[in-house]
Amino acid sequence: MKIGIDIDGVLNSQYDFCIEYGTKFCNEIGKYKLENLNVIDTTDMFLWNEEIAHQFWNTYRKELVMNLPSKKFAAEVVQKLKEEGNEIYIITARKNNDEWFPEDLKNVEEITKRWLENNHIYYDKIFFDVKNKGNLCKENNVDYMIEDDSKNLKTLIGNTKVIVFDYPYNRNKEFEKLIRVYSWYDIYMKIGKEKSKKK
């Protein structure tokens, strides 16, 4: 089988990062506060305007991209899935020269590959700058895609089997029937369960 894996929010804990560093940033600039936990975007979390959001990400994006560790047991489970004969595809919207990345992160694709290596995350192929994950999964016959972002979940439905990494921002009714997971070993068990159904 081919298994697609997102990075931010799936291989790492971006949601917790945004809350922790976002509240730190509010304290540093002496205004704004955490307003909404049911969203993925820091602008909506803290009701920042775009200028403040850029200021935050220019200050802390490097910490997210280079230093935030992978989720507990992510590397271990990905390795097990590979050893069982699956192909691992990393599928991300990250791209070089992104306006939301500071100057020293313009080559984020190489930095991301280094992060994956440092965190012992195996992959067969990596796709950057993916605007429509549903189309990519369909074109590459991806059997399962592990994703957290609602915008991407909408494009994936009907194009692959969708595994939703649970967060407050993706608990919409339209995603109720998808495979919902809460940890990397939960992913492993649920993929195993799905495989045994096919036998």
# chains A, B, ... in the order shown; residues from 1 in each chain; ligands from 1
call {"tool": "residues_around", "arguments": {"residues": "Trp184 in chain A", "least_positions_apart": "4", "cutoff": "10 Å", "atoms": "only C-alpha atoms", "output": "tab-separated table (two decimals) with N, CA and C atoms, in the first residue's frame"}}
result
chain	number	residue	atom	x	y	z
A	10	VAL	N	0.73	16.50	11.88
A	10	VAL	CA	0.67	15.03	11.80
A	10	VAL	C	2.00	14.43	12.27
A	11	LEU	N	3.10	14.83	11.63
A	11	LEU	CA	4.41	14.38	12.11
A	11	LEU	C	4.91	15.23	13.27
A	71	LYS	N	6.22	13.98	16.61
A	71	LYS	CA	5.28	13.43	17.60
A	71	LYS	C	5.82	12.11	18.13
A	72	LYS	N	5.42	11.82	19.36
A	72	LYS	CA	5.84	10.58	20.01
A	72	LYS	C	5.49	9.37	19.15
A	73	PHE	N	6.46	8.51	18.95
A	73	PHE	CA	6.34	7.23	18.22
A	73	PHE	C	6.09	7.37	16.71
A	74	ALA	N	6.14	8.61	16.17
A	74	ALA	CA	5.93	8.78	14.73
A	74	ALA	C	6.97	7.99	13.94
A	75	ALA	N	8.26	8.18	14.26
A	75	ALA	CA	9.34	7.49	13.53
A	75	ALA	C	9.21	5.98	13.65
A	76	GLU	N	8.90	5.53	14.85
A	76	GLU	CA	8.78	4.09	15.14
A	76	GLU	C	7.66	3.45	14.30
A	77	VAL	N	6.52	4.12	14.25
A	77	VAL	CA	5.37	3.58	13.51
A	77	VAL	C	5.60	3.65	12.01
A	78	VAL	N	6.15	4.75	11.52
A	78	VAL	CA	6.45	4.86	10.09
A	78	VAL	C	7.42	3.74	9.68
A	165	PHE	N	-6.02	13.09	11.75
A	165	PHE	CA	-5.38	13.25	13.06
A	165	PHE	C	-6.21	14.25	13.84
A	188	TYR	N	-1.35	3.14	13.60
A	188	TYR	CA	-0.84	1.80	13.27
A	188	TYR	C	-1.92	0.73	13.44
A	189	MET	N	-2.64	0.80	14.53
A	189	MET	CA	-3.69	-0.19	14.79
A	189	MET	C	-4.83	-0.08	13.79
A	190	LYS	N	-5.20	1.15	13.46
A	190	LYS	CA	-6.35	1.34	12.55
A	190	LYS	C	-6.01	0.98	11.11
call {"tool": "residues_around", "arguments": {"residues": "Leu178 in chain A", "least_positions_apart": "5", "cutoff": "12 Å", "atoms": "only C-alpha atoms", "output": "PyMOL selection string"}}
result
chain A and resi 144-148+153-154+156-158+160-166+170-173+190
call {"tool": "write_last_selection", "arguments": {"atoms": "N, CA, C and O atoms", "output": "CSV table (one decimal), in the first residue's frame"}}
result
chain,number,residue,atom,x,y,z
A,144,TYR,N,-3.9,5.5,1.5
A,144,TYR,CA,-4.3,6.3,2.7
A,144,TYR,C,-3.6,7.6,2.8
A,144,TYR,O,-2.4,7.6,2.5
A,145,MET,N,-4.3,8.6,3.3
A,145,MET,CA,-3.6,9.9,3.5
A,145,MET,C,-3.9,10.3,5.0
A,145,MET,O,-5.0,10.4,5.4
A,146,ILE,N,-2.8,10.6,5.7
A,146,ILE,CA,-3.0,11.0,7.1
A,146,ILE,C,-2.8,12.5,7.1
A,146,ILE,O,-1.8,13.1,6.8
A,147,GLU,N,-3.9,13.2,7.5
A,147,GLU,CA,-4.0,14.7,7.4
A,147,GLU,C,-4.8,15.3,8.6
A,147,GLU,O,-5.5,14.6,9.2
A,148,ASP,N,-4.6,16.6,8.8
A,148,ASP,CA,-5.3,17.2,9.9
A,148,ASP,C,-6.1,18.5,9.5
A,148,ASP,O,-7.1,18.8,10.1
A,153,LEU,N,-8.6,18.0,3.9
A,153,LEU,CA,-9.5,16.9,4.1
A,153,LEU,C,-10.6,16.9,3.1
A,153,LEU,O,-11.0,15.9,2.5
A,154,LYS,N,-11.1,18.1,2.8
A,154,LYS,CA,-12.2,18.2,1.8
A,154,LYS,C,-11.8,17.8,0.4
A,154,LYS,O,-12.5,17.1,-0.3
A,156,LEU,N,-9.4,15.5,-0.2
A,156,LEU,CA,-9.0,14.1,-0.1
A,156,LEU,C,-10.2,13.2,-0.2
A,156,LEU,O,-10.1,12.1,-0.8
A,157,ILE,N,-11.4,13.6,0.3
A,157,ILE,CA,-12.5,12.7,0.3
A,157,ILE,C,-12.9,12.3,-1.1
A,157,ILE,O,-13.0,13.1,-2.0
A,158,GLY,N,-13.0,11.0,-1.3
A,158,GLY,CA,-13.3,10.5,-2.7
A,158,GLY,C,-12.1,10.2,-3.5
A,158,GLY,O,-12.2,9.5,-4.5
A,160,THR,N,-8.9,9.1,-1.9
A,160,THR,CA,-8.1,8.2,-1.1
A,160,THR,C,-8.9,7.9,0.2
A,160,THR,O,-9.8,8.6,0.5
A,161,LYS,N,-8.4,6.9,0.9
A,161,LYS,CA,-9.0,6.7,2.3
A,161,LYS,C,-8.3,7.7,3.2
A,161,LYS,O,-7.1,7.8,3.2
A,162,VAL,N,-9.1,8.4,4.0
A,162,VAL,CA,-8.6,9.5,4.8
A,162,VAL,C,-8.5,9.2,6.2
A,162,VAL,O,-9.5,8.7,6.8
A,163,ILE,N,-7.3,9.4,6.8
A,163,ILE,CA,-7.1,9.2,8.2
A,163,ILE,C,-6.9,10.6,8.8
A,163,ILE,O,-6.0,11.4,8.4
A,164,VAL,N,-7.8,11.0,9.7
A,164,VAL,CA,-7.8,12.4,10.3
A,164,VAL,C,-7.1,12.3,11.6
A,164,VAL,O,-7.6,11.7,12.6
A,165,PHE,N,-6.0,13.1,11.8
A,165,PHE,CA,-5.4,13.2,13.1
A,165,PHE,C,-6.2,14.3,13.8
A,165,PHE,O,-6.4,15.4,13.4
A,166,ASP,N,-6.8,13.8,14.9
A,166,ASP,CA,-7.8,14.6,15.7
A,166,ASP,C,-7.3,15.9,16.3
A,166,ASP,O,-6.3,15.9,17.0
A,170,ASN,N,-10.8,20.1,13.4
A,170,ASN,CA,-11.3,19.2,12.3
A,170,ASN,C,-12.4,18.3,12.8
A,170,ASN,O,-12.7,17.3,12.2
A,171,ARG,N,-13.1,18.7,13.9
A,171,ARG,CA,-14.2,17.8,14.4
A,171,ARG,C,-15.6,18.2,13.8
A,171,ARG,O,-16.6,18.3,14.4
A,172,ASN,N,-15.5,18.5,12.5
A,172,ASN,CA,-16.8,18.9,11.7
A,172,ASN,C,-17.6,17.6,11.4
A,172,ASN,O,-17.0,16.6,11.2
A,173,LYS,N,-18.9,17.8,11.3
A,173,LYS,CA,-19.8,16.7,10.9
A,173,LYS,C,-19.4,16.0,9.6
A,173,LYS,O,-19.5,14.8,9.5
A,190,LYS,N,-5.2,1.2,13.5
A,190,LYS,CA,-6.4,1.3,12.6
A,190,LYS,C,-6.0,1.0,11.1
A,190,LYS,O,-6.9,0.4,10.4
call {"tool": "closest_residue", "arguments": {"among": "A:Met66, A:Asn152, A:Asp186, A:Thr23", "to": "Leu105 in chain A", "atoms": "only C-alpha atoms"}}
result
A:Met66
call {"tool": "closest_residue", "arguments": {"among": "A:Asn58, A:Thr155, A:Ser13, A:Asn119", "to": "Gln79 in chain A", "atoms": "only C-alpha atoms"}}
result
A:Asn119
call {"tool": "atom_distance", "arguments": {"atom1": "CA of Gly4 in chain A", "atom2": "CA of Cys18 in chain A"}}
result
23.9 Å
call {"tool": "decode", "arguments": {"residues": "range 86-165 of chain A", "atoms": "C-alpha atoms", "output": "tab-separated table (two decimals), in the first residue's frame"}}
result
chain	number	residue	atom	x	y	z
A	86	ASN	CA	4.14	-0.12	2.48
A	87	GLU	CA	5.44	2.84	0.49
A	88	ILE	CA	5.70	6.06	2.49
A	89	TYR	CA	4.95	9.39	0.79
A	90	ILE	CA	5.45	12.68	2.64
A	91	ILE	CA	2.96	15.18	1.19
A	92	THR	CA	3.21	18.80	2.29
A	93	ALA	CA	2.30	22.35	1.26
A	94	ARG	CA	5.71	23.58	2.44
A	95	LYS	CA	7.66	25.22	-0.38
A	96	ASN	CA	10.78	27.25	-1.01
A	97	ASN	CA	10.48	31.06	-1.07
A	98	ASP	CA	7.21	31.10	0.87
A	99	GLU	CA	6.25	34.65	1.92
A	100	TRP	CA	5.29	33.32	5.39
A	101	PHE	CA	8.83	32.07	5.99
A	102	PRO	CA	11.67	34.39	7.08
A	103	GLU	CA	14.70	34.91	4.82
A	104	ASP	CA	16.84	32.25	6.52
A	105	LEU	CA	14.16	29.61	5.85
A	106	LYS	CA	13.67	30.32	2.14
A	107	ASN	CA	15.17	26.90	1.32
A	108	VAL	CA	12.64	25.15	3.53
A	109	GLU	CA	12.56	22.02	1.37
A	110	GLU	CA	16.17	21.10	2.21
A	111	ILE	CA	15.65	22.13	5.84
A	112	THR	CA	12.55	19.88	6.00
A	113	LYS	CA	14.48	16.90	4.57
A	114	ARG	CA	17.15	17.46	7.21
A	115	TRP	CA	14.48	17.60	9.93
A	116	LEU	CA	13.00	14.30	8.72
A	117	GLU	CA	16.45	12.72	8.77
A	118	ASN	CA	17.25	14.11	12.25
A	119	ASN	CA	13.94	12.76	13.56
A	120	HIS	CA	14.51	9.36	11.86
A	121	ILE	CA	11.35	9.64	9.73
A	122	TYR	CA	11.64	7.26	6.77
A	123	TYR	CA	10.04	8.07	3.40
A	124	ASP	CA	10.20	6.75	-0.16
A	125	LYS	CA	9.11	10.00	-1.83
A	126	ILE	CA	8.46	13.56	-0.73
A	127	PHE	CA	6.14	16.05	-2.45
A	128	PHE	CA	6.46	19.78	-1.69
A	129	ASP	CA	4.21	22.73	-2.61
A	130	VAL	CA	1.13	20.51	-2.90
A	131	LYS	CA	-1.90	22.73	-3.45
A	132	ASN	CA	-4.47	19.96	-3.90
A	133	LYS	CA	-3.63	16.83	-1.89
A	134	GLY	CA	-6.70	15.01	-3.21
A	135	ASN	CA	-5.52	15.28	-6.82
A	136	LEU	CA	-1.99	14.24	-5.90
A	137	CYS	CA	-3.24	11.17	-4.00
A	138	LYS	CA	-5.49	10.18	-6.90
A	139	GLU	CA	-2.72	10.63	-9.50
A	140	ASN	CA	-0.25	8.59	-7.42
A	141	ASN	CA	-2.73	5.88	-6.27
A	142	VAL	CA	-2.20	6.71	-2.58
A	143	ASP	CA	-4.27	4.25	-0.50
A	144	TYR	CA	-4.34	6.26	2.75
A	145	MET	CA	-3.59	9.88	3.54
A	146	ILE	CA	-2.97	11.02	7.12
A	147	GLU	CA	-4.02	14.69	7.40
A	148	ASP	CA	-5.31	17.23	9.91
A	149	ASP	CA	-6.23	20.40	7.98
A	150	SER	CA	-9.94	20.72	7.09
A	151	LYS	CA	-9.19	22.41	3.75
A	152	ASN	CA	-7.08	19.43	2.71
A	153	LEU	CA	-9.52	16.88	4.12
A	154	LYS	CA	-12.21	18.23	1.76
A	155	THR	CA	-10.02	17.62	-1.31
A	156	LEU	CA	-9.03	14.13	-0.13
A	157	ILE	CA	-12.54	12.72	0.31
A	158	GLY	CA	-13.32	10.47	-2.67
A	159	ASN	CA	-9.68	10.38	-3.82
A	160	THR	CA	-8.13	8.17	-1.11
A	161	LYS	CA	-8.98	6.69	2.29
A	162	VAL	CA	-8.60	9.53	4.77
A	163	ILE	CA	-7.10	9.22	8.24
A	164	VAL	CA	-7.83	12.36	10.30
A	165	PHE	CA	-5.38	13.25	13.06
